[in-house]
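Engineer: Okay, so here is final17.pdb, and as you'll see once you scroll down, it has PDB, N, CA and C atoms and all ligand atoms.
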ATOM      1  N   MET A   4       7.707   3.166  14.660
ATOM      2  CA  MET A   4       7.700   3.544  13.244
ATOM      3  C   MET A   4       8.971   4.276  12.851
ATOM      4  N   ASP A   5       9.684   4.793  13.827
ATOM      5  CA  ASP A   5      10.837   5.618  13.500
ATOM      6  C   ASP A   5      11.961   4.832  12.843
ATOM      7  N   ASN A   6      12.108   3.599  13.282
ATOM      8  CA  ASN A   6      13.212   2.814  12.751
ATOM      9  C   ASN A   6      12.840   2.058  11.479
ATOM     10  N   ASN A   7      11.558   1.989  11.212
ATOM     11  CA  ASN A   7      11.125   1.165  10.104
ATOM     12  C   ASN A   7      10.472   2.018   9.022
ATOM     13  N   ASN A   8      11.200   2.261   7.958
ATOM     14  CA  ASN A   8      10.677   3.073   6.873
ATOM     15  C   ASN A   8      10.281   2.253   5.661
ATOM     16  N   SER A   9      10.218   0.944   5.834
ATOM     17  CA  SER A   9       9.842   0.113   4.702
ATOM     18  C   SER A   9       8.328   0.012   4.595
ATOM     19  N   CYS A  10       7.853   0.074   3.371
ATOM     20  CA  CYS A  10       6.421  -0.066   3.140
ATOM     21  C   CYS A  10       6.012  -1.519   3.330
ATOM     22  N   LEU A  11       4.909  -1.706   4.011
ATOM     23  CA  LEU A  11       4.478  -3.062   4.324
ATOM     24  C   LEU A  11       3.958  -3.829   3.113
ATOM     25  N   VAL A  12       3.509  -3.117   2.103
ATOM     26  CA  VAL A  12       2.927  -3.828   0.975
ATOM     27  C   VAL A  12       3.853  -3.948  -0.233
ATOM     28  N   CYS A  13       4.771  -3.033  -0.406
ATOM     29  CA  CYS A  13       5.675  -3.139  -1.555
ATOM     30  C   CYS A  13       7.117  -3.392  -1.119
ATOM     31  N   GLY A  14       7.388  -3.192   0.164
ATOM     32  CA  GLY A  14       8.702  -3.532   0.691
ATOM     33  C   GLY A  14       9.793  -2.518   0.403
ATOM     34  N   GLN A  15       9.450  -1.466  -0.325
ATOM     35  CA  GLN A  15      10.468  -0.473  -0.641
ATOM     36  C   GLN A  15      10.721   0.453   0.549
ATOM     37  N   ASP A  16      11.897   0.976   0.610
ATOM     38  CA  ASP A  16      12.207   2.013   1.576
ATOM     39  C   ASP A  16      11.487   3.297   1.150
ATOM     40  N   MET A  17      10.632   3.787   2.008
ATOM     41  CA  MET A  17       9.831   4.952   1.634
ATOM     42  C   MET A  17      10.680   6.171   1.294
ATOM     43  N   MET A  18      11.829   6.276   1.914
ATOM     44  CA  MET A  18      12.678   7.429   1.674
ATOM     45  C   MET A  18      13.442   7.323   0.358
ATOM     46  N   GLN A  19      13.448   6.137  -0.217
ATOM     47  CA  GLN A  19      14.220   5.920  -1.434
ATOM     48  C   GLN A  19      13.347   5.736  -2.674
ATOM     49  N   SER A  20      12.051   5.569  -2.484
ATOM     50  CA  SER A  20      11.234   5.211  -3.633
ATOM     51  C   SER A  20      10.311   6.362  -4.043
ATOM     52  N   ASP A  21       9.898   6.340  -5.284
ATOM     53  CA  ASP A  21       9.056   7.406  -5.811
ATOM     54  C   ASP A  21       7.573   7.104  -5.682
ATOM     55  N   GLY A  22       7.239   5.863  -5.357
ATOM     56  CA  GLY A  22       5.828   5.543  -5.233
ATOM     57  C   GLY A  22       5.619   4.086  -4.902
ATOM     58  N   CYS A  23       4.445   3.782  -4.402
ATOM     59  CA  CYS A  23       4.158   2.403  -4.038
ATOM     60  C   CYS A  23       3.852   1.590  -5.294
ATOM     61  N   ARG A  24       4.267   0.347  -5.268
ATOM     62  CA  ARG A  24       4.080  -0.499  -6.443
ATOM     63  C   ARG A  24       2.727  -1.191  -6.459
ATOM     64  N   VAL A  25       2.035  -1.126  -5.365
ATOM     65  CA  VAL A  25       0.746  -1.814  -5.289
ATOM     66  C   VAL A  25      -0.372  -0.830  -5.599
ATOM     67  N   ALA A  26      -1.105  -1.095  -6.655
ATOM     68  CA  ALA A  26      -2.068  -0.119  -7.146
ATOM     69  C   ALA A  26      -3.495  -0.380  -6.680
ATOM     70  N   VAL A  27      -3.761  -1.547  -6.169
ATOM     71  CA  VAL A  27      -5.136  -1.863  -5.789
ATOM     72  C   VAL A  27      -5.226  -2.296  -4.335
ATOM     73  N   MET A  28      -6.405  -2.130  -3.782
ATOM     74  CA  MET A  28      -6.687  -2.652  -2.455
ATOM     75  C   MET A  28      -8.050  -3.329  -2.495
ATOM     76  N   TYR A  29      -8.346  -4.087  -1.478
ATOM     77  CA  TYR A  29      -9.587  -4.841  -1.466
ATOM     78  C   TYR A  29     -10.398  -4.507  -0.235
ATOM     79  N   HIS A  30     -11.703  -4.455  -0.446
ATOM     80  CA  HIS A  30     -12.595  -4.187   0.668
ATOM     81  C   HIS A  30     -13.866  -4.997   0.463
ATOM     82  N   CYS A  31     -14.126  -5.890   1.382
ATOM     83  CA  CYS A  31     -15.316  -6.744   1.302
ATOM     84  C   CYS A  31     -15.417  -7.455  -0.053
ATOM     85  N   GLY A  32     -14.307  -7.935  -0.524
ATOM     86  CA  GLY A  32     -14.299  -8.703  -1.755
ATOM     87  C   GLY A  32     -14.277  -7.864  -3.025
ATOM     88  N   GLU A  33     -14.396  -6.565  -2.890
ATOM     89  CA  GLU A  33     -14.344  -5.693  -4.044
ATOM     90  C   GLU A  33     -12.934  -5.141  -4.210
ATOM     91  N   GLN A  34     -12.575  -4.932  -5.469
ATOM     92  CA  GLN A  34     -11.258  -4.368  -5.729
ATOM     93  C   GLN A  34     -11.380  -2.876  -6.005
ATOM     94  N   TYR A  35     -10.511  -2.122  -5.403
ATOM     95  CA  TYR A  35     -10.496  -0.674  -5.595
ATOM     96  C   TYR A  35      -9.114  -0.232  -6.033
ATOM     97  N   VAL A  36      -9.089   0.702  -6.980
ATOM     98  CA  VAL A  36      -7.817   1.290  -7.368
ATOM     99  C   VAL A  36      -7.490   2.406  -6.393
ATOM    100  N   ARG A  37      -6.293   2.398  -5.905
ATOM    101  CA  ARG A  37      -5.894   3.388  -4.916
ATOM    102  C   ARG A  37      -5.844   4.794  -5.518
ATOM    103  N   ILE A  38      -5.946   5.770  -4.652
ATOM    104  CA  ILE A  38      -5.917   7.161  -5.095
ATOM    105  C   ILE A  38      -4.501   7.699  -4.929
ATOM    106  N   PRO A  39      -3.886   8.077  -6.026
ATOM    107  CA  PRO A  39      -2.490   8.541  -5.949
ATOM    108  C   PRO A  39      -2.361   9.897  -5.272
ATOM    109  N   PHE A  40      -1.163  10.178  -4.848
ATOM    110  CA  PHE A  40      -0.869  11.482  -4.266
ATOM    111  C   PHE A  40      -0.901  12.538  -5.356
ATOM    112  N   ARG A  41      -1.684  13.552  -5.125
ATOM    113  CA  ARG A  41      -1.767  14.625  -6.103
ATOM    114  C   ARG A  41      -1.177  15.893  -5.510
ATOM    115  N   GLY A  42       0.002  16.190  -5.920
ATOM    116  CA  GLY A  42       0.645  17.407  -5.450
ATOM    117  C   GLY A  42       1.125  18.219  -6.632
ATOM    118  N   PHE A  43       1.964  19.173  -6.359
ATOM    119  CA  PHE A  43       2.578  19.922  -7.448
ATOM    120  C   PHE A  43       3.542  19.002  -8.185
ATOM    121  N   ARG A  44       3.882  19.401  -9.374
ATOM    122  CA  ARG A  44       4.839  18.629 -10.143
ATOM    123  C   ARG A  44       6.159  18.546  -9.382
ATOM    124  N   GLY A  45       6.587  17.327  -9.142
ATOM    125  CA  GLY A  45       7.844  17.146  -8.437
ATOM    126  C   GLY A  45       7.719  17.184  -6.920
ATOM    127  N   GLU A  46       6.538  17.471  -6.445
ATOM    128  CA  GLU A  46       6.343  17.514  -4.999
ATOM    129  C   GLU A  46       6.290  16.104  -4.424
ATOM    130  N   ARG A  47       6.741  15.983  -3.179
ATOM    131  CA  ARG A  47       6.680  14.684  -2.521
ATOM    132  C   ARG A  47       5.709  14.726  -1.354
ATOM    133  N   CYS A  48       5.091  13.601  -1.104
ATOM    134  CA  CYS A  48       4.150  13.504   0.003
ATOM    135  C   CYS A  48       4.878  13.779   1.319
ATOM    136  N   GLY A  49       4.279  14.621   2.144
ATOM    137  CA  GLY A  49       4.908  14.988   3.409
ATOM    138  C   GLY A  49       4.990  13.854   4.397
ATOM    139  N   ASP A  50       4.259  12.797   4.154
ATOM    140  CA  ASP A  50       4.258  11.706   5.117
ATOM    141  C   ASP A  50       4.994  10.467   4.626
ATOM    142  N   CYS A  51       4.765  10.076   3.389
ATOM    143  CA  CYS A  51       5.384   8.833   2.923
ATOM    144  C   CYS A  51       6.396   9.072   1.811
ATOM    145  N   ASN A  52       6.568  10.321   1.424
ATOM    146  CA  ASN A  52       7.654  10.716   0.535
ATOM    147  C   ASN A  52       7.510  10.286  -0.924
ATOM    148  N   VAL A  53       6.338   9.834  -1.332
ATOM    149  CA  VAL A  53       6.193   9.481  -2.747
ATOM    150  C   VAL A  53       6.101  10.740  -3.604
ATOM    151  N   LEU A  54       6.454  10.570  -4.851
ATOM    152  CA  LEU A  54       6.421  11.675  -5.796
ATOM    153  C   LEU A  54       4.982  11.875  -6.290
ATOM    154  N   SER A  55       4.624  13.104  -6.555
ATOM    155  CA  SER A  55       3.287  13.421  -7.034
ATOM    156  C   SER A  55       2.886  12.551  -8.222
ATOM    157  N   GLY A  56       1.674  12.024  -8.173
ATOM    158  CA  GLY A  56       1.184  11.174  -9.243
ATOM    159  C   GLY A  56       1.335   9.686  -8.960
ATOM    160  N   ASN A  57       2.031   9.369  -7.869
ATOM    161  CA  ASN A  57       2.233   7.963  -7.517
ATOM    162  C   ASN A  57       1.373   7.575  -6.318
ATOM    163  N   TYR A  58       1.261   6.289  -6.108
ATOM    164  CA  TYR A  58       0.479   5.807  -4.971
ATOM    165  C   TYR A  58       1.254   5.975  -3.673
ATOM    166  N   HIS A  59       0.503   6.290  -2.622
ATOM    167  CA  HIS A  59       1.108   6.394  -1.298
ATOM    168  C   HIS A  59       1.555   5.020  -0.825
ATOM    169  N   HIS A  60       2.545   5.024   0.046
ATOM    170  CA  HIS A  60       2.887   3.775   0.713
ATOM    171  C   HIS A  60       1.862   3.491   1.798
ATOM    172  N   TRP A  61       1.782   2.233   2.120
ATOM    173  CA  TRP A  61       0.745   1.788   3.043
ATOM    174  C   TRP A  61       0.919   2.421   4.425
ATOM    175  N   GLY A  62      -0.178   2.964   4.926
ATOM    176  CA  GLY A  62      -0.138   3.569   6.243
ATOM    177  C   GLY A  62       0.076   5.066   6.213
ATOM    178  N   CYS A  63       0.170   5.636   5.029
ATOM    179  CA  CYS A  63       0.377   7.077   4.929
ATOM    180  C   CYS A  63      -0.831   7.842   5.474
ATOM    181  N   ASP A  64      -0.559   8.871   6.240
ATOM    182  CA  ASP A  64      -1.619   9.697   6.811
ATOM    183  C   ASP A  64      -2.461  10.385   5.744
ATOM    184  N   LEU A  65      -1.872  10.606   4.599
ATOM    185  CA  LEU A  65      -2.519  11.438   3.592
ATOM    186  C   LEU A  65      -3.228  10.648   2.505
ATOM    187  N   GLU A  66      -3.174   9.324   2.605
ATOM    188  CA  GLU A  66      -3.857   8.545   1.572
ATOM    189  C   GLU A  66      -5.361   8.632   1.748
ATOM    190  N   GLN A  67      -6.022   8.825   0.619
ATOM    191  CA  GLN A  67      -7.474   8.925   0.628
ATOM    192  C   GLN A  67      -8.085   7.557   0.372
ATOM    193  N   CYS A  68      -9.147   7.241   1.059
ATOM    194  CA  CYS A  68      -9.800   5.949   0.899
ATOM    195  C   CYS A  68     -10.604   5.926  -0.393
ATOM    196  N   PRO A  69     -10.340   4.948  -1.264
ATOM    197  CA  PRO A  69     -11.079   4.878  -2.522
ATOM    198  C   PRO A  69     -12.514   4.399  -2.324
ATOM    199  N   VAL A  70     -12.801   3.858  -1.165
ATOM    200  CA  VAL A  70     -14.152   3.353  -0.906
ATOM    201  C   VAL A  70     -15.083   4.476  -0.482
ATOM    202  N   CYS A  71     -14.664   5.251   0.504
ATOM    203  CA  CYS A  71     -15.545   6.284   1.052
ATOM    204  C   CYS A  71     -15.033   7.698   0.799
ATOM    205  N   GLY A  72     -13.802   7.821   0.377
ATOM    206  CA  GLY A  72     -13.259   9.147   0.112
ATOM    207  C   GLY A  72     -12.664   9.828   1.327
ATOM    208  N   GLY A  73     -12.704   9.154   2.468
ATOM    209  CA  GLY A  73     -12.168   9.733   3.692
ATOM    210  C   GLY A  73     -10.686   9.444   3.851
ATOM    211  N   GLN A  74     -10.184   9.767   5.014
ATOM    212  CA  GLN A  74      -8.773   9.496   5.308
ATOM    213  C   GLN A  74      -8.618   8.011   5.579
ATOM    214  N   LEU A  75      -7.791   7.366   4.809
ATOM    215  CA  LEU A  75      -7.756   5.907   4.829
ATOM    216  C   LEU A  75      -7.408   5.319   6.191
ATOM    217  N   ILE A  76      -6.451   5.909   6.870
ATOM    218  CA  ILE A  76      -6.024   5.293   8.116
ATOM    219  C   ILE A  76      -7.039   5.465   9.247
ATOM    220  N   SER A  77      -8.027   6.325   9.053
ATOM    221  CA  SER A  77      -8.975   6.534  10.140
ATOM    222  C   SER A  77     -10.431   6.385   9.714
ATOM    223  N   CYS A  78     -10.671   5.988   8.484
ATOM    224  CA  CYS A  78     -12.055   5.886   8.029
ATOM    225  C   CYS A  78     -12.699   4.598   8.546
ATOM    226  N   GLU A  79     -13.992   4.538   8.401
ATOM    227  CA  GLU A  79     -14.730   3.415   8.950
ATOM    228  C   GLU A  79     -14.485   2.115   8.192
ATOM    229  N   CYS A  80     -13.972   2.222   6.997
ATOM    230  CA  CYS A  80     -13.738   1.024   6.197
ATOM    231  C   CYS A  80     -12.709   0.109   6.846
ATOM    232  N   MET A  81     -11.886   0.675   7.711
ATOM    233  CA  MET A  81     -10.876  -0.119   8.395
ATOM    234  C   MET A  81     -11.443  -0.858   9.600
ATOM    235  N   ASP A  82     -12.662  -0.535   9.926
ATOM    236  CA  ASP A  82     -13.186  -0.940  11.212
ATOM    237  C   ASP A  82     -14.316  -1.956  11.120
ATOM    238  N   VAL A  83     -14.421  -2.583   9.979
ATOM    239  CA  VAL A  83     -15.498  -3.544   9.794
ATOM    240  C   VAL A  83     -14.945  -4.958   9.759
ATOM    241  N   GLU A  84     -15.804  -5.902   9.557
ATOM    242  CA  GLU A  84     -15.369  -7.300   9.545
ATOM    243  C   GLU A  84     -14.412  -7.597   8.403
ATOM    244  N   CYS A  85     -14.605  -6.899   7.302
ATOM    245  CA  CYS A  85     -13.753  -7.115   6.153
ATOM    246  C   CYS A  85     -13.017  -5.819   5.838
ATOM    247  N   PRO A  86     -12.019  -5.496   6.620
ATOM    248  CA  PRO A  86     -11.340  -4.209   6.450
ATOM    249  C   PRO A  86     -10.585  -4.122   5.136
ATOM    250  N   VAL A  87     -10.210  -2.919   4.819
ATOM    251  CA  VAL A  87      -9.411  -2.705   3.617
ATOM    252  C   VAL A  87      -8.077  -3.426   3.761
ATOM    253  N   ILE A  88      -7.764  -4.234   2.792
ATOM    254  CA  ILE A  88      -6.457  -4.879   2.780
ATOM    255  C   ILE A  88      -5.789  -4.582   1.458
ATOM    256  N   ILE A  89      -4.510  -4.618   1.467
ATOM    257  CA  ILE A  89      -3.823  -4.288   0.227
ATOM    258  C   ILE A  89      -3.236  -5.519  -0.429
ATOM    259  N   ASN A  90      -2.582  -6.302   0.332
ATOM    260  CA  ASN A  90      -1.940  -7.451  -0.284
ATOM    261  C   ASN A  90      -2.819  -8.678  -0.148
ATOM    262  N   LYS A  91      -3.547  -8.962  -1.172
ATOM    263  CA  LYS A  91      -4.453 -10.102  -1.105
ATOM    264  C   LYS A  91      -3.676 -11.408  -1.094
ATOM    265  N   LYS A  92      -2.515 -11.362  -1.716
ATOM    266  CA  LYS A  92      -1.690 -12.565  -1.766
ATOM    267  C   LYS A  92      -1.203 -12.925  -0.379
ATOM    268  N   ARG A  93      -1.273 -14.148  -0.079
ATOM    269  CA  ARG A  93      -0.762 -14.586   1.205
ATOM    270  C   ARG A  93       0.739 -14.775   1.127
ATOM    271  N   PRO A  94       1.406 -14.563   2.223
ATOM    272  CA  PRO A  94       2.847 -14.818   2.250
ATOM    273  C   PRO A  94       3.131 -16.273   1.957
ATOM    274  N   GLY A  95       4.129 -16.513   1.171
ATOM    275  CA  GLY A  95       4.475 -17.895   0.849
ATOM    276  C   GLY A  95       3.870 -18.365  -0.452
ATOM    277  N   ARG A  96       3.123 -17.511  -1.086
ATOM    278  CA  ARG A  96       2.492 -17.885  -2.349
ATOM    279  C   ARG A  96       3.538 -18.055  -3.441
ATOM    280  N   LYS A  97       4.574 -17.223  -3.361
ATOM    281  CA  LYS A  97       5.628 -17.324  -4.365
ATOM    282  C   LYS A  97       6.525 -18.503  -4.048
ATOM    283  N   ALA A  98       5.959 -19.668  -4.213
ATOM    284  CA  ALA A  98       6.630 -20.889  -3.785
ATOM    285  C   ALA A  98       7.264 -21.618  -4.946
ATOM    286  N   THR A  99       7.483 -20.915  -6.029
ATOM    287  CA  THR A  99       8.077 -21.565  -7.194
ATOM    288  C   THR A  99       9.515 -21.974  -6.923
ATOM    289  N   VAL A 100      10.145 -21.277  -6.011
ATOM    290  CA  VAL A 100      11.529 -21.587  -5.680
ATOM    291  C   VAL A 100      11.619 -22.933  -4.976
ATOM    292  N   ARG A 101      10.554 -23.236  -4.310
ATOM    293  CA  ARG A 101      10.550 -24.427  -3.474
ATOM    294  C   ARG A 101      10.769 -25.711  -4.293
ATOM    295  N   SER A 102      10.190 -25.757  -5.479
ATOM    296  CA  SER A 102      10.264 -26.971  -6.259
ATOM    297  C   SER A 102      11.710 -27.299  -6.632
ATOM    298  N   GLN A 103      12.531 -26.246  -6.725
ATOM    299  CA  GLN A 103      13.924 -26.491  -7.058
ATOM    300  C   GLN A 103      14.702 -27.027  -5.863
ATOM    301  N   MET A 104      14.245 -26.605  -4.678
ATOM    302  CA  MET A 104      14.924 -27.059  -3.473
ATOM    303  C   MET A 104      14.466 -28.448  -3.055
ATOM    304  N   ASP A 105      13.387 -28.878  -3.679
ATOM    305  CA  ASP A 105      12.753 -30.112  -3.254
ATOM    306  C   ASP A 105      13.435 -31.322  -3.887
ATOM    307  N   LYS A 106      14.660 -31.545  -3.491
ATOM    308  CA  LYS A 106      15.416 -32.649  -4.083
ATOM    309  C   LYS A 106      15.406 -33.893  -3.190
ATOM    310  N   GLY A 107      14.721 -33.789  -2.092
ATOM    311  CA  GLY A 107      14.583 -34.932  -1.186
ATOM    312  C   GLY A 107      15.816 -35.061  -0.393
TER     313      GLY A 107
HETATM  314 ZN    ZN B   1       4.635   0.871  -0.847
HETATM  315 ZN    ZN B   2       1.742   9.675   1.326
HETATM  316 ZN    ZN B   3     -13.071   4.399   3.741
END
Could you rewrite the structure in this file as structure tokens?
Ligand SMILES: [Zn+2]
Ligand SMILES: [Zn+2]
Ligand SMILES: [Zn+2]
Structural biologist:
Amino acid sequence: MDNNNSCLVCGQDMMQSDGCRVAVMYHCGEQYVRIPFRGFRGERCGDCNVLSGNYHHWGCDLEQCPVCGGQLISCECMDVECPVIINKKRPGRKATVRSQMDKG
């Protein structure tokens, strides 16, 4: 983790960004709005460096689970058949570029 500071779901460098761009996560087919970091005005999260009022980056120790209210990285919601996922979109979905390359 030391060499990789990019957020897995929004792709931003955690040290350079003010908050995660992904606002929802999914659990067992239900959509949940993530719980933003609530600190003092101007305070940054000690783990993922987001600014107060913004969503944590994925994997932050301090993110609260919107499903059960526990610590997201260690709560039971991660441990079931349908764990909490953030990016419902599959990689490669943004395939609009492909049609332009498809010249045969
Ligand atoms: Zn992020
Ligand atoms: Zn955080
Ligand atoms: Zn949970």
Engineer: Write out as JSON lines a residue-level contact list of chain A versus ligand ZN 1 (chain B) with cut-off 8 Å: for each qualifying residue the closest pair of atoms and the distance in Å to one decimal, counting only C-alpha atoms and all ligand atoms, rows sorted by chain and residue number upward.
Structural biologist:
{"residue": "A:Ser9", "atom": "CA", "partner": "B:ZN1", "partner_atom": "ZN", "distance": 7.6}
{"residue": "A:Cys10", "atom": "CA", "partner": "B:ZN1", "partner_atom": "ZN", "distance": 4.5}
{"residue": "A:Leu11", "atom": "CA", "partner": "B:ZN1", "partner_atom": "ZN", "distance": 6.5}
{"residue": "A:Val12", "atom": "CA", "partner": "B:ZN1", "partner_atom": "ZN", "distance": 5.3}
{"residue": "A:Cys13", "atom": "CA", "partner": "B:ZN1", "partner_atom": "ZN", "distance": 4.2}
{"residue": "A:Gly14", "atom": "CA", "partner": "B:ZN1", "partner_atom": "ZN", "distance": 6.2}
{"residue": "A:Gln15", "atom": "CA", "partner": "B:ZN1", "partner_atom": "ZN", "distance": 6.0}
{"residue": "A:Met17", "atom": "CA", "partner": "B:ZN1", "partner_atom": "ZN", "distance": 7.1}
{"residue": "A:Gly22", "atom": "CA", "partner": "B:ZN1", "partner_atom": "ZN", "distance": 6.5}
{"residue": "A:Cys23", "atom": "CA", "partner": "B:ZN1", "partner_atom": "ZN", "distance": 3.6}
{"residue": "A:Arg24", "atom": "CA", "partner": "B:ZN1", "partner_atom": "ZN", "distance": 5.8}
{"residue": "A:Val25", "atom": "CA", "partner": "B:ZN1", "partner_atom": "ZN", "distance": 6.5}
{"residue": "A:Tyr58", "atom": "CA", "partner": "B:ZN1", "partner_atom": "ZN", "distance": 7.7}
{"residue": "A:His59", "atom": "CA", "partner": "B:ZN1", "partner_atom": "ZN", "distance": 6.6}
{"residue": "A:His60", "atom": "CA", "partner": "B:ZN1", "partner_atom": "ZN", "distance": 3.7}
{"residue": "A:Trp61", "atom": "CA", "partner": "B:ZN1", "partner_atom": "ZN", "distance": 5.6}
Engineer: Once the PyMOL selection byres (((chain A and resi 30-42) around 6.5) and not hetatm) is applied to the coordinates I shared, what remains selected? I want it as a list in words.
Structural biologist: Ala26, Val27, Met28, Tyr29, Phe43, Arg44, Gly45, Glu46, Leu54, Ser55, Gly56, Asn57, Tyr58, His59, Gln67, Cys68, Pro69, Cys85, Pro86, Val87 and Ile88 of chain A
Engineer: Set the cut-off to 5 Å, count all atoms listed in the file, and list whatever residues fall near ligand ZN 3 (chain B) as a PyMOL selection string.
Structural biologist: chain A and resi 68+70-73+78-80
Engineer: How would you report the residues lying within 6 Å of ligand ZN 2 (chain B), as a PyMOL selection string, if you count all atoms listed in the file?
Structural biologist: chain A and resi 48-53+59-60+63-66
Engineer: Could you pull out the strand (DSSP E) residues of stretch 26-83 of chain A, going by DSSP on the backbone, and write them as an MDAnalysis selection string?
Structural biologist: chainID A and resid 27:30 33:36
Engineer: Would you give the centre and edge lengths, in Å to one decimal, of a box along x, y and z around the listed atoms of stretch 48-51 of chain A, with 8 Å added to each side, as JSON?
Structural biologist:
{"center_x": 5.3, "center_y": 11.9, "center_z": 2.0, "size_x": 18.2, "size_y": 22.2, "size_z": 22.2}
Engineer: Could you check how far atom C of A:Asp21 sits from atom C of A:Gly62, in Å to one decimal?
Structural biologist: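 Atom-to-atom, atom C of A:Asp21 and atom C of A:Gly62 are spaced 14.2 Å apart.
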Engineer: Work out how far apart atom C of A:Gln19 and atom CA of A:Met81 are and give it in Å to one decimal.
Structural biologist: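 Between these atoms lies a distance of 27.3 Å.
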Engineer: Do you have the atom N of A:Ser20-atom CA of A:Ser77 distance handy?
Structural biologist: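 Spanning atom N of A:Ser20 to atom CA of A:Ser77 is a straight-line distance of 24.5 Å.
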